[in-house]
Amino acid sequence: MENLFNNTEVAFALKNNRELKRAHFLFKMISKPTLVKMGSALANFAIKTHLPVTGIIRATVFDHFCGGISEEDCLSVVDKMYAQGKVASVLDYSVEGKETEEQFDAALNMTLKTIQFAQERPDSIPFAVFKPTGFGRFDMFVKKGEGKAFTAEEEKEWERIVYRFNVACQYAAERKVLLLIDAEHSWMQDAADEIVLDMMRKYNREKAYIYNTAQLYRWDRLQYLKDLHVIAKAEGFHIGMKVVRGAYMEIERERAAEKGYKSPICVDKAATDINYDAAVTYMLENMDCMALFAGTHNEKSSYLIMELMNQYKIMHNDQRLFFGQLYGMSDNISFNLAKANYNVAKYLPFGPVRDVIPYLIRRAEENTSVAGQTNRELDLIVTEMKRRNL
């Protein structure tokens, strides 16, 4: 088992030689923090000044990390990954930073559309997903979480946010589609957690349809999971949880230092790894009322989950447990797990090229900040290029 993720022939079977060379080029660039900073600044400048750069971005970083500009555009990627590799997809509308009611309603409509896609393709698209701030202003979540009083106008705005959550969750549960709700910054997350808890109470009575997300680089999330378990057992509903390490580490630490409160982030990577492994272990010990989406690019954590599944006699294809990775990353984990008959779903971001650039910048910055991740990707790509005599 320990060598499962070294099989590059399986990992990159879906990439032709040109795509493999492009991946090599991109990860070489991402491995250089200075280049990532320069590229991020140039991309932001190009978008703000409306420079004609979408073609270049589309042909390089966009096509590597995204499925397309629309949900229909993604279907060729979805079909290819599932037909050839048995890896499913999660269509992720990755347009960020919107602020108007019209934009939030549009995000809801897009979410309903992806839920419909998932209902029609339950094997290749088992999940739909949305971000809390896709349905409402960031500042509203912050104010609600801090317990500050809303104005009458804000009260109506908050009701519309909760309404959008409910519409999406009800639509998914009625169609028996699993729905992931992403986590964001810690200082807005409490309010989002409260809404998702109510959605679980309403729609997770027979099984987990609604999934919250726990970012385990936060030292308090394991206790949050245990506290949620107590509530679920008492009230008789199932917990769906996507467990990840986290995506906003630098921002979280900078804000904590600036405002003078204890950082919500674990002291180091080792502590985060311990926290993550403890969380997935806890969930696998309590699968009678839990469903786990294990979002991880970490091979050791993946092996641990496989070992625990064997220990607790959880079948490889048990629908309560999925492994998840991002499209364009860790194909050695995704496709080798799928070949071994585990459930695997890759997040497949999509949206207009210009609107998705903030997501792509964050993806590049995250790869740069995670020690060893980019080098591991490069080593695997080079191994496969040598195997193909490229």
# chains A, B, ... in the order shown; residues from 1 in each chain; ligands from 1
call {"tool": "residues_around", "arguments": {"residues": "Val243 of chain A", "least_positions_apart": "5", "cutoff": "7 Å", "atoms": "only C-alpha atoms", "output": "PDB file with N, CA and C atoms, in the first residue's frame"}}
result
ATOM      1  N   THR A 213     -17.895  22.416   6.267  1.00  0.00           N
ATOM      2  CA  THR A 213     -16.458  22.223   6.072  1.00  0.00           C
ATOM      3  C   THR A 213     -15.709  22.641   7.329  1.00  0.00           C
ATOM      4  N   ALA A 214     -14.785  21.787   7.770  1.00  0.00           N
ATOM      5  CA  ALA A 214     -13.923  22.105   8.913  1.00  0.00           C
ATOM      6  C   ALA A 214     -12.486  22.237   8.419  1.00  0.00           C
ATOM      7  N   GLN A 215     -11.892  23.409   8.669  1.00  0.00           N
ATOM      8  CA  GLN A 215     -10.495  23.638   8.294  1.00  0.00           C
ATOM      9  C   GLN A 215      -9.618  23.318   9.504  1.00  0.00           C
ATOM     10  N   PHE A 293     -16.148  13.766   3.751  1.00  0.00           N
ATOM     11  CA  PHE A 293     -15.470  14.114   2.504  1.00  0.00           C
ATOM     12  C   PHE A 293     -14.063  14.529   2.919  1.00  0.00           C
ATOM     13  N   ALA A 294     -13.094  13.635   2.709  1.00  0.00           N
ATOM     14  CA  ALA A 294     -11.721  13.868   3.171  1.00  0.00           C
ATOM     15  C   ALA A 294     -10.957  14.624   2.099  1.00  0.00           C
ATOM     16  N   GLY A 295     -10.961  15.939   2.211  1.00  0.00           N
ATOM     17  CA  GLY A 295     -10.233  16.765   1.264  1.00  0.00           C
ATOM     18  C   GLY A 295      -8.770  16.824   1.674  1.00  0.00           C
TER      19      GLY A 295
END
call {"tool": "residues_around", "arguments": {"residues": "segment 254-265 of chain A", "least_positions_apart": "5", "cutoff": "6 Å", "atoms": "only C-alpha atoms", "output": "list in words"}}
result
Tyr217, Arg218 and Trp219 of chain A
call {"tool": "write_last_selection", "arguments": {"atoms": "N, CA and C atoms", "output": "compact mmCIF listing (two decimals), in the first residue's frame"}}
result
# COMPACT_ATOMS: atom_id res chain seq x y z
N TYR A 217 -6.47 23.42 10.09
CA TYR A 217 -5.36 24.25 10.54
C TYR A 217 -5.83 25.17 11.67
N ARG A 218 -7.14 25.20 11.91
CA ARG A 218 -7.68 25.87 13.09
C ARG A 218 -7.66 24.89 14.27
N TRP A 219 -7.01 25.30 15.37
CA TRP A 219 -6.86 24.39 16.50
C TRP A 219 -8.17 24.08 17.21
call {"tool": "residues_around", "arguments": {"residues": "Arg388 of chain A", "least_positions_apart": "5", "cutoff": "10 Å", "atoms": "only C-alpha atoms", "output": "JSON, numbers by chain"}}
result
{"A": [9, 17, 382, 383]}
call {"tool": "write_last_selection", "arguments": {"atoms": "C-alpha atoms", "output": "PDB file, in the first residue's frame"}}
result
ATOM      1  CA  GLU A   9       1.326   5.912 -15.367  1.00  0.00           C
ATOM      2  CA  ASN A  17       2.238  14.784 -23.773  1.00  0.00           C
ATOM      3  CA  VAL A 382       9.360  14.406 -14.284  1.00  0.00           C
ATOM      4  CA  THR A 383       9.125  10.690 -13.491  1.00  0.00           C
TER       5      THR A 383
END
call {"tool": "select_by_dssp", "arguments": {"residues": "segment 100-286 of chain A", "states": "strand (DSSP E)", "output": "list in words"}}
result
Phe127, Ala128, Val129, Phe130, Leu178, Leu179, Leu180, Ile181, Ile210, Tyr211, Asn212, Thr213, Ala214, Gln215, Ile239, Gly240, Met241, Lys242, Val243 and Val244 of chain A
call {"tool": "atom_distance", "arguments": {"atom1": "atom CA of Ala279 of chain A", "atom2": "atom CA of Leu197 of chain A"}}
result
18.1 Å
call {"tool": "residues_around", "arguments": {"residues": "Asn275 of chain A", "least_positions_apart": "2", "cutoff": "10 Å", "atoms": "only C-alpha atoms", "output": "tab-separated table (two decimals) with N, CA and C atoms, in the first residue's frame"}}
result
chain	number	residue	atom	x	y	z
A	215	GLN	N	-11.89	23.41	8.67
A	215	GLN	CA	-10.50	23.64	8.29
A	215	GLN	C	-9.62	23.32	9.50
A	216	LEU	N	-8.87	22.24	9.41
A	216	LEU	CA	-8.17	21.73	10.58
A	216	LEU	C	-6.84	22.41	10.86
A	217	TYR	N	-6.47	23.42	10.09
A	217	TYR	CA	-5.36	24.25	10.54
A	217	TYR	C	-5.83	25.17	11.67
A	218	ARG	N	-7.14	25.20	11.91
A	218	ARG	CA	-7.68	25.87	13.09
A	218	ARG	C	-7.66	24.89	14.27
A	219	TRP	N	-7.01	25.30	15.37
A	219	TRP	CA	-6.86	24.39	16.50
A	219	TRP	C	-8.17	24.08	17.21
A	220	ASP	N	-9.23	24.88	16.95
A	220	ASP	CA	-10.50	24.66	17.65
A	220	ASP	C	-11.47	23.77	16.88
A	221	ARG	N	-11.12	23.34	15.69
A	221	ARG	CA	-12.10	22.64	14.85
A	221	ARG	C	-12.37	21.20	15.28
A	222	LEU	N	-11.40	20.55	15.91
A	222	LEU	CA	-11.66	19.19	16.39
A	222	LEU	C	-12.71	19.22	17.49
A	245	ARG	N	-7.34	20.86	5.42
A	245	ARG	CA	-6.36	21.53	6.27
A	245	ARG	C	-6.65	23.03	6.33
A	266	CYS	N	-3.10	26.61	13.98
A	266	CYS	CA	-2.15	25.77	14.71
A	266	CYS	C	-0.74	26.36	14.60
A	269	LYS	N	2.96	23.27	10.89
A	269	LYS	CA	2.40	22.27	9.98
A	269	LYS	C	2.21	20.94	10.69
A	270	ALA	N	3.15	20.56	11.56
A	270	ALA	CA	3.04	19.28	12.27
A	270	ALA	C	1.79	19.23	13.14
A	271	ALA	N	1.50	20.34	13.82
A	271	ALA	CA	0.30	20.40	14.67
A	271	ALA	C	-0.96	20.32	13.81
A	272	THR	N	-0.94	20.94	12.64
A	272	THR	CA	-2.08	20.86	11.73
A	272	THR	C	-2.30	19.42	11.26
A	273	ASP	N	-1.20	18.74	10.93
A	273	ASP	CA	-1.32	17.35	10.49
A	273	ASP	C	-1.91	16.46	11.58
A	277	ASP	N	-5.51	14.51	11.19
A	277	ASP	CA	-5.61	13.05	11.35
A	277	ASP	C	-6.52	12.67	12.51
A	278	ALA	N	-6.51	13.48	13.56
A	278	ALA	CA	-7.41	13.22	14.70
A	278	ALA	C	-8.87	13.40	14.29
A	279	ALA	N	-9.12	14.39	13.45
A	279	ALA	CA	-10.49	14.65	13.02
A	279	ALA	C	-11.03	13.53	12.14
A	280	VAL	N	-10.25	13.09	11.16
A	280	VAL	CA	-10.75	12.02	10.29
A	280	VAL	C	-10.87	10.71	11.08
A	281	THR	N	-9.96	10.50	12.02
A	281	THR	CA	-10.06	9.30	12.87
A	281	THR	C	-11.35	9.33	13.68
call {"tool": "select_by_dssp", "arguments": {"residues": "segment 72-236 of chain A", "states": "alpha helix (DSSP H)", "output": "ChimeraX atom specification"}}
result
/A:72-85,101-120,138-145,152-174,186-203,221-235
